[in-house]
Amino acid sequence: LLPGLRDRLTNRFGCPVLDLYSMNEAGPIAVADPAVGGHVLLQPRMHVEILDPAGRPAPAGQRGEITLTGGFNFCLPLLRYRTGDYASLRTVAGEPVLMGLEGRPPVRFRTRAGAWINNIEVTHLLRPYALARFRLHQSADGTLQFGWDGPGIEGADLKRTLLTLFGADQPLNLGPLAPEPTKQVQYTSDLRGAFP
């Protein structure tokens, strides 16, 4: 849930809006707390660790795959269950907090100058916008396609914002997202090296 959409929902309904990180296998895992800048863990009996690409525990503060052990569901005990979601884990004010939570594998995008940009940088850039859904794809020729769903958001504004990250010469096509019957994958690429 991007902060822009959270704020819009809060203003529209006049109540707090909670961004929960949850899954069927484990129930609610964490809730976003703007005061600490991340998602605070909710289950004291759930051990959460971050693994590096080789499956080893990552050093504190390093980004990696969220992995779960334990939890309150006695019918489905989890033992180092790899979620496919990514974040770093830090202690803030004595509480364990998932920072930079992304519910999908990381994808890199290449600029015309050859620099790689991680998808989390795109997510941070889009935080002010009230986007209900969005998708960024890079074709094999390097062209970016950005689709979005969110009322009152101008494509020209989004394009200017994205080009501050990718560079003014980056080929970029924009358009609204069509309804999809399945879950929308936000970040995809046809480039070799896009999936670290």
# chains A, B, ... in the order shown; residues from 1 in each chain; ligands from 1

$ select_by_dssp --residues "stretch 12-193 of chain A" --states "helix (DSSP H, G or I)" --output "compact mmCIF listing (two decimals) with N, CA and C atoms, in the first residue's frame"
# COMPACT_ATOMS: atom_id res chain seq x y z
N ARG A 12 -10.89 9.84 2.80
CA ARG A 12 -12.22 9.52 2.26
C ARG A 12 -13.13 8.89 3.31
N PHE A 13 -12.60 7.97 4.10
CA PHE A 13 -13.44 7.22 5.04
C PHE A 13 -13.35 7.74 6.48
N ASN A 119 14.02 -2.43 -8.30
CA ASN A 119 12.60 -2.08 -8.26
C ASN A 119 12.19 -1.35 -6.98
N ILE A 120 12.89 -1.56 -5.87
CA ILE A 120 12.54 -0.86 -4.63
C ILE A 120 12.73 0.64 -4.79
N GLU A 121 13.69 1.05 -5.63
CA GLU A 121 13.88 2.48 -5.89
C GLU A 121 12.68 3.06 -6.62
N VAL A 122 12.07 2.29 -7.52
CA VAL A 122 10.88 2.73 -8.22
C VAL A 122 9.72 2.85 -7.23
N THR A 123 9.57 1.86 -6.36
CA THR A 123 8.50 1.91 -5.36
C THR A 123 8.62 3.15 -4.49
N HIS A 124 9.84 3.45 -4.02
CA HIS A 124 10.04 4.65 -3.19
C HIS A 124 9.69 5.91 -3.97
N LEU A 125 10.03 5.95 -5.22
CA LEU A 125 9.75 7.12 -6.05
C LEU A 125 8.25 7.37 -6.21
N GLY A 155 -0.69 11.12 -16.52
CA GLY A 155 0.44 10.39 -17.08
C GLY A 155 1.68 11.26 -17.21
N ALA A 156 1.50 12.53 -17.53
CA ALA A 156 2.65 13.43 -17.68
C ALA A 156 3.41 13.58 -16.37
N ASP A 157 2.68 13.64 -15.25
CA ASP A 157 3.34 13.73 -13.93
C ASP A 157 4.13 12.45 -13.63
N LEU A 158 3.51 11.30 -13.90
CA LEU A 158 4.20 10.03 -13.67
C LEU A 158 5.44 9.92 -14.54
N LYS A 159 5.32 10.32 -15.78
CA LYS A 159 6.45 10.23 -16.70
C LYS A 159 7.61 11.09 -16.22
N ARG A 160 7.32 12.34 -15.84
CA ARG A 160 8.37 13.23 -15.32
C ARG A 160 9.05 12.60 -14.10
N THR A 161 8.24 12.04 -13.21
CA THR A 161 8.79 11.44 -11.98
C THR A 161 9.69 10.25 -12.31
N LEU A 162 9.21 9.36 -13.16
CA LEU A 162 10.01 8.17 -13.51
C LEU A 162 11.30 8.55 -14.24
N LEU A 163 11.25 9.56 -15.09
CA LEU A 163 12.45 9.95 -15.83
C LEU A 163 13.49 10.63 -14.94
N THR A 164 13.09 11.13 -13.76
CA THR A 164 14.10 11.65 -12.82
C THR A 164 14.99 10.51 -12.34
N LEU A 165 14.48 9.29 -12.33
CA LEU A 165 15.25 8.13 -11.90
C LEU A 165 16.00 7.49 -13.07
N PHE A 166 15.33 7.37 -14.22
CA PHE A 166 15.90 6.63 -15.34
C PHE A 166 16.70 7.50 -16.32

$ residues_around --residues "stretch 46-59 of chain A" --least-positions-apart "5" --cutoff "8 Å" --atoms "only C-alpha atoms" --output "VMD selection string"
chain A and resid 64 to 72 87 to 89

$ closest_residue --among "A:Ala113, A:Leu78, A:Leu131, A:Val185" --to "A:Ala26" --atoms "only C-alpha atoms"
A:Leu78

$ residues_around --residues "A:Asn24" --least-positions-apart "5" --cutoff "12 Å" --atoms "only C-alpha atoms" --output "list in words"
Ile29, Gly71, Asn73, Leu76 and Thr83 of chain A

$ write_last_selection --atoms "all heavy atoms" --output "PDB file, in the first residue's frame"
ATOM      1  N   ILE A  29       1.405 -11.070   9.636  1.00  0.00           N
ATOM      2  CA  ILE A  29       2.821 -11.142  10.001  1.00  0.00           C
ATOM      3  C   ILE A  29       3.312  -9.800  10.541  1.00  0.00           C
ATOM      4  O   ILE A  29       4.026  -9.744  11.539  1.00  0.00           O
ATOM      5  CB  ILE A  29       3.663 -11.573   8.783  1.00  0.00           C
ATOM      6  CG1 ILE A  29       3.223 -12.966   8.311  1.00  0.00           C
ATOM      7  CG2 ILE A  29       5.151 -11.557   9.106  1.00  0.00           C
ATOM      8  CD1 ILE A  29       3.745 -13.342   6.945  1.00  0.00           C
ATOM      9  N   GLY A  71       4.787 -19.665  14.471  1.00  0.00           N
ATOM     10  CA  GLY A  71       3.497 -19.028  14.250  1.00  0.00           C
ATOM     11  C   GLY A  71       2.424 -19.647  15.124  1.00  0.00           C
ATOM     12  O   GLY A  71       2.673 -20.560  15.905  1.00  0.00           O
ATOM     13  N   ASN A  73      -0.514 -21.064  13.989  1.00  0.00           N
ATOM     14  CA  ASN A  73      -1.322 -22.082  13.327  1.00  0.00           C
ATOM     15  C   ASN A  73      -0.727 -23.461  13.604  1.00  0.00           C
ATOM     16  O   ASN A  73       0.195 -23.907  12.934  1.00  0.00           O
ATOM     17  CB  ASN A  73      -1.384 -21.809  11.825  1.00  0.00           C
ATOM     18  CG  ASN A  73      -2.335 -22.743  11.097  1.00  0.00           C
ATOM     19  OD1 ASN A  73      -2.810 -23.731  11.665  1.00  0.00           O
ATOM     20  ND2 ASN A  73      -2.598 -22.446   9.842  1.00  0.00           N
ATOM     21  N   LEU A  76      -0.468 -25.998  10.733  1.00  0.00           N
ATOM     22  CA  LEU A  76       0.498 -25.791   9.653  1.00  0.00           C
ATOM     23  C   LEU A  76       1.782 -25.219  10.248  1.00  0.00           C
ATOM     24  O   LEU A  76       2.072 -24.039  10.122  1.00  0.00           O
ATOM     25  CB  LEU A  76      -0.070 -24.844   8.591  1.00  0.00           C
ATOM     26  CG  LEU A  76       0.797 -24.619   7.352  1.00  0.00           C
ATOM     27  CD1 LEU A  76       0.967 -25.908   6.553  1.00  0.00           C
ATOM     28  CD2 LEU A  76       0.188 -23.532   6.486  1.00  0.00           C
ATOM     29  N   THR A  83       9.148 -17.179   1.845  1.00  0.00           N
ATOM     30  CA  THR A  83       7.927 -16.540   1.399  1.00  0.00           C
ATOM     31  C   THR A  83       7.967 -16.044  -0.043  1.00  0.00           C
ATOM     32  O   THR A  83       6.929 -15.824  -0.647  1.00  0.00           O
ATOM     33  CB  THR A  83       7.596 -15.337   2.295  1.00  0.00           C
ATOM     34  OG1 THR A  83       8.639 -14.360   2.158  1.00  0.00           O
ATOM     35  CG2 THR A  83       7.463 -15.755   3.744  1.00  0.00           C
TER      36      THR A  83
END

$ residues_around --residues "A:Asp141" --least-positions-apart "3" --cutoff "9 Å" --atoms "only C-alpha atoms" --output "list of chain:residue names"
A:Gln138, A:Asp190, A:Leu191

$ select_by_dssp --residues "stretch 44-181 of chain A" --states "strand (DSSP E)" --output "PyMOL selection string"
chain A and resi 46-51+64-70+78-92+95-102+108-110+116-118+133-138+144-149+172-176

$ residues_around --residues "A:Arg108" --least-positions-apart "4" --cutoff "8 Å" --atoms "only C-alpha atoms" --output "list in words"
Trp116, Ile117, Asn118, Asn119, Ser189, Gly193, Ala194, Phe195 and Pro196 of chain A
